[in-house]
$ cat input_0.txt   # compact mmCIF, C-alpha atoms
# COMPACT_ATOMS: atom_id res chain seq x y z
CA MET A 1 2.31 50.29 -32.78
CA PRO A 2 2.67 47.04 -30.77
CA PRO A 3 1.91 47.11 -27.03
CA GLU A 4 4.91 47.34 -24.69
CA GLU A 5 6.49 44.04 -23.65
CA ARG A 6 7.22 43.74 -19.90
CA TYR A 7 7.05 41.13 -17.13
CA ASP A 8 6.60 40.86 -13.38
CA THR A 9 8.65 37.85 -12.30
CA ARG A 10 7.88 37.91 -8.58
CA PHE A 11 6.24 34.70 -7.44
CA GLU A 12 6.08 32.46 -4.38
CA GLU A 13 8.18 29.30 -4.24
CA LYS A 14 6.44 26.37 -2.55
CA LYS A 15 8.05 23.11 -1.53
CA SER A 16 6.32 19.85 -2.31
CA LEU A 17 6.14 16.95 0.09
CA ILE A 18 5.93 13.44 -1.34
CA ASN A 19 5.28 10.60 1.10
CA ILE A 20 6.02 7.19 -0.42
CA PRO A 21 5.05 4.17 1.68
CA VAL A 22 7.39 1.23 1.06
CA ARG A 23 6.40 -2.37 1.75
CA ILE A 24 8.95 -5.16 1.45
CA ASN A 25 7.38 -8.61 1.36
CA MET A 26 9.63 -10.95 3.31
CA MET A 27 8.29 -13.94 1.41
CA GLU A 28 10.60 -12.84 -1.41
CA LEU A 29 13.60 -13.10 0.89
CA GLU A 30 12.44 -16.54 2.07
CA GLN A 31 12.06 -17.76 -1.51
CA SER A 32 15.46 -16.34 -2.41
CA LEU A 33 17.11 -18.12 0.52
CA ASN A 34 15.52 -21.41 -0.48
CA ARG A 35 16.64 -21.00 -4.11
CA GLN A 36 20.24 -20.36 -3.13
CA LEU A 37 20.68 -22.60 -0.08
CA THR A 38 20.05 -26.12 -1.37
CA GLY A 39 21.43 -29.63 -1.00
CA VAL A 40 24.31 -30.32 1.42
CA LEU A 41 24.83 -27.32 3.69
CA TYR A 42 27.58 -28.84 5.87
CA GLU A 43 29.80 -31.93 5.53
CA ASP A 44 32.65 -33.39 7.61
CA LYS A 45 34.36 -36.12 5.55
CA ASP A 46 37.30 -36.85 7.89
CA ILE A 47 36.59 -39.44 10.59
CA ASN A 48 40.14 -39.06 11.95
CA ASP A 49 40.07 -35.36 12.74
CA GLY A 50 39.57 -35.90 16.47
CA ASP A 51 35.81 -36.22 16.75
CA ASP A 52 35.59 -39.87 15.58
CA MET A 53 32.78 -39.18 13.17
CA MET A 54 31.76 -38.07 9.71
CA VAL A 55 28.65 -35.91 9.29
CA LYS A 56 26.60 -34.75 6.32
CA ALA A 57 23.84 -32.16 6.88
CA GLU A 58 21.45 -31.75 3.96
CA LYS A 59 18.53 -29.35 3.67
CA ARG A 60 15.38 -31.26 4.65
CA SER A 61 12.65 -28.78 3.70
CA ASP A 62 12.19 -25.06 3.03
CA ILE A 63 13.80 -22.54 5.32
CA LYS A 64 11.08 -20.53 7.09
CA LEU A 65 11.51 -16.98 8.26
CA SER A 66 9.57 -14.41 10.24
CA VAL A 67 10.35 -10.81 11.05
CA THR A 68 9.87 -8.79 14.21
CA GLY A 69 11.05 -5.20 14.40
CA GLN A 70 14.51 -5.13 12.85
CA GLN A 71 15.24 -8.81 13.37
CA ILE A 72 14.67 -11.71 10.96
CA ASN A 73 14.26 -15.21 12.41
CA TYR A 74 15.05 -18.35 10.39
CA ARG A 75 14.30 -22.03 10.97
CA THR A 76 16.49 -24.34 8.87
CA PRO A 77 15.54 -28.06 8.87
CA LEU A 78 18.40 -30.48 8.06
CA ASN A 79 18.59 -34.25 7.45
CA LEU A 80 21.66 -35.80 9.04
CA TRP A 81 23.83 -38.75 8.09
CA ILE A 82 26.41 -39.73 10.70
CA LYS A 83 29.23 -42.30 10.64
CA TYR A 84 30.67 -42.97 14.11
CA ASP A 85 33.94 -44.77 14.94
CA LEU A 86 33.47 -47.24 17.83
CA GLY A 87 37.11 -48.30 17.76
CA LEU A 88 36.73 -51.86 16.48
CA THR A 89 34.14 -50.87 13.87
CA THR A 90 32.08 -47.99 12.58
CA VAL A 91 28.33 -47.52 12.65
CA GLU A 92 25.98 -45.26 10.73
CA ALA A 93 22.92 -43.31 11.88
CA THR A 94 20.42 -40.86 10.46
CA GLY A 95 18.39 -38.09 12.05
CA ALA A 96 16.99 -34.61 11.52
CA ILE A 97 17.59 -31.31 13.25
CA ALA A 98 16.32 -27.74 12.87
CA LEU A 99 18.79 -24.90 13.37
CA ASN A 100 17.42 -21.54 14.45
CA PHE A 101 19.10 -18.30 13.37
CA LYS A 102 18.42 -14.64 13.94
CA THR A 103 19.60 -11.73 11.80
CA ALA A 104 19.62 -8.26 13.32
CA PHE A 105 19.90 -5.47 10.78
CA GLU A 106 20.15 -1.71 10.78
CA ILE A 107 20.22 0.96 8.11
CA ARG A 108 23.44 2.91 8.21
CA ASN A 109 23.92 6.61 7.57
CA ASP A 110 24.76 5.95 3.89
CA TRP A 111 21.49 3.95 3.37
CA THR A 112 23.29 0.60 3.29
CA VAL A 113 22.01 -2.29 5.39
CA GLU A 114 24.29 -3.76 8.06
CA THR A 115 23.44 -7.31 9.21
CA ARG A 116 24.59 -9.65 11.94
CA THR A 117 23.42 -13.28 11.99
CA ASP A 118 23.74 -15.51 15.05
CA ILE A 119 22.58 -19.02 15.90
CA GLU A 120 19.91 -19.11 18.56
CA GLY A 121 19.82 -22.86 19.07
CA TYR A 122 18.41 -26.09 17.70
CA GLU A 123 15.69 -28.66 18.12
CA TRP A 124 15.84 -32.35 17.24
CA LEU A 125 13.25 -33.35 14.69
CA GLU A 126 14.48 -36.97 14.73
CA LYS A 127 17.21 -37.95 17.15
CA PRO A 128 19.92 -40.07 15.46
CA LYS A 129 19.26 -43.77 15.80
CA MET A 130 21.35 -46.85 15.03
CA ARG A 131 20.71 -50.58 15.09
CA VAL A 132 23.66 -51.55 17.28
CA VAL A 133 22.37 -52.49 20.72
CA GLY A 134 24.06 -50.84 23.67
CA VAL A 135 25.73 -48.04 21.70
CA ASN A 136 24.64 -44.51 22.51
CA LEU A 137 25.59 -41.65 20.27
CA PRO A 138 26.68 -38.39 21.93
CA ILE A 139 23.57 -36.48 20.83
CA GLY A 140 24.48 -33.20 22.48
CA PHE A 141 28.00 -33.30 21.11
CA ILE A 142 26.71 -33.98 17.59
CA ALA A 143 24.28 -31.04 17.73
CA ASP A 144 26.94 -28.68 19.11
CA MET A 145 29.40 -29.81 16.45
CA ILE A 146 26.90 -29.19 13.65
CA LEU A 147 26.08 -25.77 15.09
CA LYS A 148 29.75 -24.86 15.43
CA ASN A 149 30.84 -26.06 12.02
CA SER A 150 27.84 -24.88 10.00
CA LYS A 151 27.68 -21.48 11.63
CA GLY A 152 30.34 -19.92 9.40
CA LYS A 153 28.84 -20.99 6.08
CA LEU A 154 25.17 -20.50 6.94
CA THR A 155 25.44 -17.19 8.78
CA LYS A 156 27.70 -15.79 6.07
CA SER A 157 25.24 -16.88 3.37
CA ILE A 158 22.26 -15.49 5.27
CA ASP A 159 24.01 -12.16 5.89
CA LYS A 160 24.91 -11.81 2.21
CA LEU A 161 21.45 -12.76 0.98
CA THR A 162 19.78 -10.41 3.47
CA LYS A 163 21.99 -7.50 2.39
CA ASP A 164 21.41 -8.26 -1.29
CA ASN A 165 17.65 -8.55 -0.91
CA LEU A 166 17.29 -5.55 1.39
CA ASP A 167 19.46 -3.38 -0.85
CA LEU A 168 17.69 -0.19 0.15
CA ARG A 169 20.50 2.10 -0.99
CA THR A 170 20.34 0.93 -4.62
CA MET A 171 16.60 1.55 -4.78
CA ILE A 172 16.76 4.95 -3.03
CA GLU A 173 19.81 6.14 -4.99
CA SER A 174 18.28 5.09 -8.31
CA ALA A 175 15.02 6.88 -7.49
CA TRP A 176 16.93 9.97 -6.26
CA LYS A 177 18.84 10.23 -9.56
CA ARG A 178 15.69 9.69 -11.64
CA PHE A 179 13.96 12.55 -9.81
CA PHE A 180 16.41 14.95 -11.50
CA ASP A 181 15.68 13.69 -15.03
CA PRO A 182 12.90 15.40 -17.01
CA VAL A 183 10.17 12.88 -17.81
CA LEU A 184 8.11 13.28 -20.98
CA VAL A 185 4.68 12.80 -19.38
CA ALA A 186 2.64 13.94 -22.38
CA PRO A 187 4.38 13.51 -25.75
CA GLU A 188 1.51 15.02 -27.75
CA TYR A 189 1.75 18.21 -25.69
CA ASN A 190 5.57 18.20 -25.29
CA THR A 191 5.02 18.20 -21.52
CA TRP A 192 8.00 17.51 -19.25
CA LEU A 193 7.96 16.88 -15.49
CA THR A 194 11.06 17.34 -13.33
CA LEU A 195 10.79 16.67 -9.58
CA ASN A 196 13.99 18.48 -8.47
CA PRO A 197 14.38 16.79 -5.04
CA GLU A 198 15.99 18.77 -2.25
CA SER A 199 15.99 16.31 0.65
CA ILE A 200 15.00 12.73 1.42
CA GLY A 201 14.33 10.82 4.62
CA MET A 202 12.41 7.84 5.95
CA THR A 203 10.43 6.69 8.96
CA PRO A 204 11.87 3.85 11.09
CA LEU A 205 11.15 0.37 9.75
CA THR A 206 8.24 -1.46 11.35
CA THR A 207 6.66 -4.87 10.78
CA ILE A 208 3.10 -5.48 9.61
CA ASN A 209 1.88 -8.93 8.53
CA ASN A 210 5.43 -10.22 7.98
CA GLN A 211 6.25 -7.19 5.82
CA LEU A 212 8.86 -4.52 6.47
CA VAL A 213 7.11 -1.16 6.25
CA SER A 214 8.45 2.37 6.08
CA THR A 215 7.65 5.70 4.42
CA ILE A 216 10.13 7.59 2.25
CA VAL A 217 9.68 11.37 2.54
CA VAL A 218 10.92 13.57 -0.31
CA GLU A 219 10.96 17.37 -0.28
CA SER A 220 11.15 18.78 -3.81
CA MET A 221 10.51 21.77 -6.06
CA PRO A 222 8.83 20.11 -9.09
CA THR A 223 8.36 21.85 -12.41
CA VAL A 224 6.33 21.08 -15.51
CA LYS A 225 7.48 22.52 -18.80
CA ILE A 226 5.47 22.45 -22.00
CA GLY A 227 7.83 22.86 -24.94
CA ASP A 228 11.43 21.79 -25.52
CA ARG A 229 13.02 19.25 -23.18
CA PRO A 230 14.48 21.08 -20.16
CA GLU A 231 18.20 20.86 -19.57
CA VAL A 232 19.06 18.12 -17.10
CA ALA A 233 20.28 19.59 -13.83
CA SER A 234 23.33 17.96 -12.29
CA SER A 235 21.99 15.53 -9.71
CA ARG A 236 23.33 15.99 -6.22
CA PRO A 237 24.73 12.98 -4.33
CA LEU A 238 22.22 11.02 -2.28
CA PRO A 239 21.96 12.79 1.10
CA PRO A 240 22.72 10.86 4.29
CA LEU A 241 19.89 8.95 5.92
CA ARG A 242 17.57 11.20 7.91
CA TYR A 243 14.87 9.64 10.07
CA VAL A 244 11.43 11.20 10.17
CA ASP A 245 9.21 10.53 13.18
CA LYS A 246 6.01 10.05 11.20
CA ALA A 247 4.58 10.64 7.74
CA GLN A 248 1.28 10.44 5.93
CA ASP A 249 0.59 8.12 3.01
CA ASP A 250 -0.29 10.88 0.56
CA PHE A 251 1.50 13.60 -1.36
CA VAL A 252 1.03 17.28 -2.01
CA ILE A 253 2.94 18.55 -5.03
CA HIS A 254 3.16 22.19 -6.01
CA LEU A 255 4.04 22.39 -9.70
CA LYS A 256 4.99 25.23 -11.92
CA ALA A 257 3.61 24.31 -15.32
CA ASP A 258 5.67 26.12 -17.90
CA VAL A 259 3.69 26.64 -21.14
CA SER A 260 6.40 28.21 -23.30
CA PHE A 261 5.32 30.99 -25.67
CA ARG A 262 7.02 29.04 -28.44
CA GLU A 263 4.92 25.94 -27.77
CA ALA A 264 1.74 27.95 -27.19
CA GLU A 265 2.34 29.73 -30.50
CA ARG A 266 2.86 26.41 -32.27
CA ILE A 267 -0.44 25.00 -31.00
CA ALA A 268 -2.29 28.26 -31.67
CA GLN A 269 -0.84 28.48 -35.16
CA THR A 270 -1.94 24.91 -35.89
CA SER A 271 -5.51 25.84 -35.01
CA LEU A 272 -5.68 29.36 -36.44
CA VAL A 273 -3.27 29.94 -39.33
CA GLY A 274 -5.10 29.74 -42.64
CA GLN A 275 -8.54 30.52 -41.21
CA THR A 276 -10.49 33.18 -43.09
CA PHE A 277 -12.91 35.72 -41.61
CA THR A 278 -15.39 37.68 -43.68
CA GLN A 279 -17.56 40.70 -43.10
CA GLY A 280 -19.68 41.59 -46.10
CA LYS A 281 -17.47 41.65 -49.16
CA ARG A 282 -14.26 41.91 -47.19
CA ALA A 283 -12.17 38.99 -45.92
CA VAL A 284 -8.90 38.44 -44.07
CA LYS A 285 -6.80 35.34 -43.50
CA ILE A 286 -4.63 34.65 -40.45
CA GLU A 287 -1.01 34.25 -41.54
CA ASP A 288 0.70 34.02 -38.15
CA VAL A 289 0.14 34.25 -34.39
CA LYS A 290 2.74 35.42 -31.88
CA LEU A 291 2.46 35.75 -28.09
CA TYR A 292 4.28 37.78 -25.43
CA GLY A 293 3.58 39.39 -22.07
CA GLN A 294 2.69 42.83 -20.82
CA GLY A 295 2.75 42.64 -17.04
CA ASN A 296 0.01 40.14 -16.17
CA ASN A 297 -1.59 40.42 -19.62
CA LEU A 298 -1.02 38.26 -22.69
CA VAL A 299 -0.51 40.08 -25.98
CA VAL A 300 -1.67 38.19 -29.08
CA THR A 301 -0.05 39.48 -32.27
CA THR A 302 -2.09 38.33 -35.26
CA LYS A 303 -0.74 38.83 -38.78
CA LEU A 304 -3.50 39.21 -41.39
CA SER A 305 -3.63 39.24 -45.19
CA GLY A 306 -6.42 39.96 -47.64
CA SER A 307 -8.62 43.03 -47.40
CA TYR A 308 -6.37 44.14 -44.53
CA GLU A 309 -2.61 43.63 -44.63
CA GLY A 310 -0.65 43.86 -41.37
CA ASN A 311 -0.70 43.03 -37.67
CA VAL A 312 -3.47 43.52 -35.16
CA TYR A 313 -2.88 43.25 -31.41
CA LEU A 314 -5.24 41.79 -28.84
CA ILE A 315 -4.73 41.79 -25.06
CA GLY A 316 -6.25 39.50 -22.43
CA LYS A 317 -5.42 38.45 -18.89
CA PRO A 318 -4.91 34.75 -18.05
CA VAL A 319 -6.92 34.22 -14.86
CA TYR A 320 -7.85 31.26 -12.69
CA ASN A 321 -11.56 30.41 -12.81
CA ALA A 322 -12.32 28.79 -9.42
CA LYS A 323 -15.74 27.54 -10.53
CA THR A 324 -14.34 25.51 -13.43
CA ASN A 325 -10.77 25.03 -12.09
CA LYS A 326 -9.52 26.26 -15.46
CA ILE A 327 -7.53 29.16 -16.84
CA ASP A 328 -9.49 31.63 -18.92
CA LEU A 329 -8.09 34.38 -21.09
CA ASP A 330 -10.23 37.10 -19.58
CA ASN A 331 -11.57 40.01 -21.65
CA LEU A 332 -9.50 39.36 -24.76
CA ASP A 333 -9.91 42.45 -26.89
CA PHE A 334 -8.08 44.60 -29.41
CA SER A 335 -5.47 46.91 -27.89
CA LEU A 336 -6.41 50.57 -27.70
CA GLU A 337 -3.93 51.48 -30.42
CA THR A 338 -5.21 48.72 -32.71
CA LYS A 339 -8.83 49.65 -32.04
CA SER A 340 -8.18 53.35 -32.71
CA PHE A 341 -6.41 52.51 -35.97
CA LEU A 342 -9.06 50.06 -37.16
CA VAL A 343 -11.89 52.51 -36.47
CA LYS A 344 -10.36 54.67 -39.20
CA SER A 345 -9.14 52.08 -41.70
CA GLY A 346 -10.66 48.68 -40.91
CA ALA A 347 -13.67 49.02 -38.64
CA TRP A 348 -15.26 45.99 -40.26
CA ILE A 349 -12.56 43.76 -38.64
CA LEU A 350 -13.84 44.86 -35.22
CA LYS A 351 -17.28 43.51 -36.14
CA SER A 352 -16.00 40.18 -37.50
CA THR A 353 -15.71 36.93 -35.52
CA LEU A 354 -11.90 37.17 -35.46
CA ARG A 355 -11.67 38.17 -31.78
CA LYS A 356 -14.14 35.48 -30.70
CA LYS A 357 -12.29 32.79 -32.63
CA LEU A 358 -8.95 33.79 -31.10
CA GLN A 359 -10.51 33.75 -27.63
CA GLU A 360 -11.96 30.25 -28.12
CA ASN A 361 -8.70 28.78 -29.37
CA LEU A 362 -6.50 30.32 -26.69
CA ASP A 363 -8.87 29.23 -23.91
CA PHE A 364 -8.81 25.75 -25.41
CA LEU A 365 -5.01 25.82 -25.54
CA LEU A 366 -4.70 26.39 -21.80
CA ASP A 367 -7.41 23.91 -20.82
CA TYR A 368 -6.16 21.31 -23.33
CA ASN A 369 -2.66 21.24 -21.88
CA LEU A 370 -3.75 21.08 -18.25
CA LYS A 371 -6.05 18.14 -18.93
CA GLY A 372 -3.19 16.42 -20.70
CA ILE A 373 -0.88 16.98 -17.73
CA GLN A 374 -3.42 15.43 -15.36
CA GLU A 375 -4.06 12.39 -17.56
CA GLN A 376 -0.40 11.71 -18.28
CA LEU A 377 0.71 12.19 -14.68
CA GLN A 378 -1.80 9.53 -13.68
CA GLN A 379 -0.31 7.18 -16.26
CA GLN A 380 3.18 7.86 -14.91
CA LEU A 381 1.99 7.01 -11.40
CA THR A 382 0.88 3.55 -12.52
CA HIS A 383 3.53 0.83 -12.17
CA PHE A 384 6.42 3.29 -12.54
CA THR A 385 9.66 1.27 -12.30
CA LEU A 386 12.24 2.64 -9.86
CA THR A 387 14.66 -0.28 -10.02
CA PRO A 388 14.25 -3.91 -11.13
CA GLY A 389 11.89 -5.42 -8.58
CA ALA A 390 10.71 -2.08 -7.16
CA TYR A 391 7.89 -0.08 -8.70
CA LEU A 392 5.72 2.84 -7.75
CA ASN A 393 1.93 2.91 -7.89
CA GLY A 394 -0.21 5.93 -7.18
CA GLN A 395 -3.51 7.68 -7.64
CA LEU A 396 -3.81 11.34 -8.60
CA GLN A 397 -6.91 12.45 -6.71
CA GLN A 398 -7.07 16.18 -7.33
CA LEU A 399 -5.45 18.86 -9.46
CA ASN A 400 -6.06 22.49 -8.56
CA ILE A 401 -4.84 25.65 -10.27
CA GLU A 402 -3.54 28.12 -7.69
CA ASN A 403 -2.13 30.99 -9.72
CA VAL A 404 -1.09 32.06 -13.21
CA TYR A 405 1.45 34.65 -14.34
CA LEU A 406 3.74 35.45 -17.26
CA THR A 407 7.50 35.32 -17.58
CA GLN A 408 9.72 36.39 -20.46
CA ASP A 409 9.48 32.96 -22.07
CA ALA A 410 6.27 31.35 -20.90
CA ILE A 411 2.85 31.30 -19.33
CA MET A 412 3.50 29.96 -15.82
CA VAL A 413 0.76 28.10 -13.96
CA ASP A 414 0.95 27.13 -10.28
CA LEU A 415 -0.66 23.72 -9.85
CA GLY A 416 -1.45 21.85 -6.67
CA LEU A 417 -1.67 18.06 -6.96
CA GLN A 418 -2.91 15.73 -4.27
CA GLY A 419 -2.91 11.96 -4.27
CA ARG A 420 -1.56 8.76 -2.80
CA VAL A 421 1.45 6.72 -3.81
CA ASN A 422 3.27 3.63 -2.60
CA VAL A 423 6.30 1.54 -3.53
CA VAL A 424 6.04 -2.21 -3.87
CA VAL A 425 9.26 -4.22 -3.65
CA ASN A 426 9.20 -7.73 -5.08
CA GLY A 427 11.06 -9.97 -7.49
CA LEU A 428 14.15 -9.85 -5.27
CA ASN A 429 17.25 -11.73 -6.34

$ encode --input "input_0.txt" --output "structure tokens"
Amino acid sequence: MPPEERYDTRFEEKKSLINIPVRINMMELEQSLNRQLTGVLYEDKDINDGDDMMVKAEKRSDIKLSVTGQQINYRTPLNLWIKYDLGLTTVEATGAIALNFKTAFEIRNDWTVETRTDIEGYEWLEKPKMRVVGVNLPIGFIADMILKNSKGKLTKSIDKLTKDNLDLRTMIESAWKRFFDPVLVAPEYNTWLTLNPESIGMTPLTTINNQLVSTIVVESMPTVKIGDRPEVASSRPLPPLRYVDKAQDDFVIHLKADVSFREAERIAQTSLVGQTFTQGKRAVKIEDVKLYGQGNNLVVTTKLSGSYEGNVYLIGKPVYNAKTNKIDLDNLDFSLETKSFLVKSGAWILKSTLRKKLQENLDFLLDYNLKGIQEQLQQQLTHFTLTPGAYLNGQLQQLNIENVYLTQDAIMVDLGLQGRVNVVVNGLN
């Protein structure tokens, strides 16, 4: 008679906290500006429009930027060509000027970046000169005119490029959606990780070494399932921006590793089915292995053929071994009913190595999968692409087993993972 099947499904839910430092290298924005703002940046071709001059302002050298707090400062050097109407004739002059801009930005409630670019002023690199003696160009007027007329184009371009390159919402929203998708972290073990985020926030942006720095904080209820791909939960919309005062640069993830009975049976069957055990002149062969729970105990149903035809039942308790940080199947032995029956009709099976072999393979099953989870999670933490130009790097420092219990469908293992992770943003448009 098989042992009773029953389960205790009470367990503690623990939230995981993932701190993801984000560093945005402003050199990428500078390079992007210089790629897109080239050649003639402002030109006045009409000498009869009231100012008595024509002006062409062409980019002289690379735009340079620096960042302080939530403000980006730009210095834009321009070569100037000027044609001035003296009344009886026209004269030409050349010079060079640097325009200084500042872009203030803030992150709005919907994670989009709002920018505002203004001109701070200018400095003459080479004051316009001409060969006509006694003619003085209105230097101040020329500078003010260039500032006034180039402001619209340049500030608009800078605002757009800043928004495009600091597109925080796209990166955060893409990562948020991906957190709901099961990730096959260990194909050979059919191991799936789902982060199941519940909330997301960030620390205020600061500046370190010309980089914008912040930390994204994600609260989640991650799960690991070993077996069939979990159903994809409907992802919730990206929550509004929530600022967090401070955060660490590490993560603590509490995982529920779901080793389905179906998958555990498959692996156990691969190792055990077909093996023969002898005792004297008698021999039995394992035809099948099935698993289910009885409270906190695991019942191993083993179908035999040969000198004994039928099922035998063994019971053991999956327990956490703190010394080895592994799960052992403690005291695996024949059930009382099986033992009583075999004493009368198959006592020789009790003396065979069948029980020992089952113990070894089931211990290996649990240890094998947990090692695989650790190795594959580390691989996933290495250069994991969030969006084009933004990738995640991390180091899994420690994996601890905290508890183990049985549900109707699986062996559930509570895992605690600790490590560090950061997001690098580069390759901006």

$ residues_around --input "input_0.txt" --residues "Ser157 in chain A" --least-positions-apart "4" --cutoff "9 Å" --atoms "all atoms listed in the file" --output "list of chain:residue names"
A:Leu33, A:Gln36, A:Leu37, A:Gly152, A:Lys153, A:Leu161, A:Thr162

$ closest_residue --input "input_0.txt" --among "A:Leu41, A:Ile72, A:Ala93, A:Leu332" --to "Met54 in chain A" --atoms "all atoms listed in the file"
A:Ala93

$ closest_residue --input "input_0.txt" --among "A:Val113, A:Leu415, A:Leu314, A:Leu362" --to "Pro3 in chain A" --atoms "all atoms listed in the file"
A:Leu314

$ residues_around --input "input_0.txt" --residues "range 337-342 of chain A" --least-positions-apart "6" --cutoff "12 Å" --atoms "all atoms listed in the file" --output "PyMOL selection string"
chain A and resi 1-4+299-302+308-315+348-351+355

$ axis_aligned_box --input "input_0.txt" --around "range 168-183 of chain A" --padding-each-side "6 Å" --output "lines of an AutoDock Vina configuration file"
center_x = 15.3
center_y = 7.6
center_z = -8.8
size_x = 22.3
size_y = 27.6
size_z = 30.0

$ atom_distance --input "input_0.txt" --atom1 "CA of Leu406 in chain A" --atom2 "CA of Ala233 in chain A"
23.2 Å

$ closest_residue --input "input_0.txt" --among "A:Glu43, A:Asp328, A:Glu106, A:Asp62" --to "Leu166 in chain A" --atoms "all atoms listed in the file"
A:Glu106

$ residues_around --input "input_0.txt" --residues "Lys59 in chain A" --least-positions-apart "2" --cutoff "6 Å" --atoms "all atoms listed in the file" --output "PyMOL selection string"
chain A and resi 39+61+78

$ atom_distance --input "input_0.txt" --atom1 "CA of Ile20 in chain A" --atom2 "CA of Val413 in chain A"
25.5 Å

$ closest_residue --input "input_0.txt" --among "A:Leu65, A:Leu241, A:Met145, A:Leu298" --to "Pro318 in chain A" --atoms "all atoms listed in the file"
A:Leu298

$ atom_distance --input "input_0.txt" --atom1 "CA of Glu30 in chain A" --atom2 "CA of Ser150 in chain A"
19.2 Å

$ residues_around --input "input_0.txt" --residues "Tyr42 in chain A" --least-positions-apart "3" --cutoff "9 Å" --atoms "only C-alpha atoms" --output "list in words"
Val55, Lys56, Ala57, Glu58, Ile146, Asn149, Ser150, Lys153 and Leu154 of chain A

$ write_last_selection --input "input_0.txt" --atoms "C-alpha atoms" --output "PDB file, keeping the file's coordinate frame"
ATOM      1  CA  VAL A  55      28.650 -35.910   9.290  1.00  0.00           C
ATOM      2  CA  LYS A  56      26.600 -34.750   6.320  1.00  0.00           C
ATOM      3  CA  ALA A  57      23.840 -32.160   6.880  1.00  0.00           C
ATOM      4  CA  GLU A  58      21.450 -31.750   3.960  1.00  0.00           C
ATOM      5  CA  ILE A 146      26.900 -29.190  13.650  1.00  0.00           C
ATOM      6  CA  ASN A 149      30.840 -26.060  12.020  1.00  0.00           C
ATOM      7  CA  SER A 150      27.840 -24.880  10.000  1.00  0.00           C
ATOM      8  CA  LYS A 153      28.840 -20.990   6.080  1.00  0.00           C
ATOM      9  CA  LEU A 154      25.170 -20.500   6.940  1.00  0.00           C
TER      10      LEU A 154
END

$ closest_residue --input "input_0.txt" --among "A:Gly295, A:Gly50, A:Gly95, A:Gly274" --to "Met130 in chain A" --atoms "all atoms listed in the file"
A:Gly95

$ closest_residue --input "input_0.txt" --among "A:Thr155, A:Thr270, A:Asn48, A:Ser32" --to "Ile63 in chain A" --atoms "all atoms listed in the file"
A:Ser32

$ closest_atom_pairs --input "input_0.txt" --of "range 149-199 of chain A" --to "range 115-119 of chain A" --cutoff "8 Å" --atoms "all atoms listed in the file" --output "JSON lines"
{"residue": "A:Lys151", "atom": "CA", "partner": "A:Ile119", "partner_atom": "CA", "distance": 7.1}
{"residue": "A:Thr155", "atom": "CA", "partner": "A:Thr117", "partner_atom": "CA", "distance": 5.4}
{"residue": "A:Lys156", "atom": "CA", "partner": "A:Thr117", "partner_atom": "CA", "distance": 7.7}
{"residue": "A:Ile158", "atom": "CA", "partner": "A:Thr117", "partner_atom": "CA", "distance": 7.2}
{"residue": "A:Asp159", "atom": "CA", "partner": "A:Thr115", "partner_atom": "CA", "distance": 5.9}
{"residue": "A:Thr162", "atom": "CA", "partner": "A:Thr115", "partner_atom": "CA", "distance": 7.5}
{"residue": "A:Lys163", "atom": "CA", "partner": "A:Thr115", "partner_atom": "CA", "distance": 7.0}
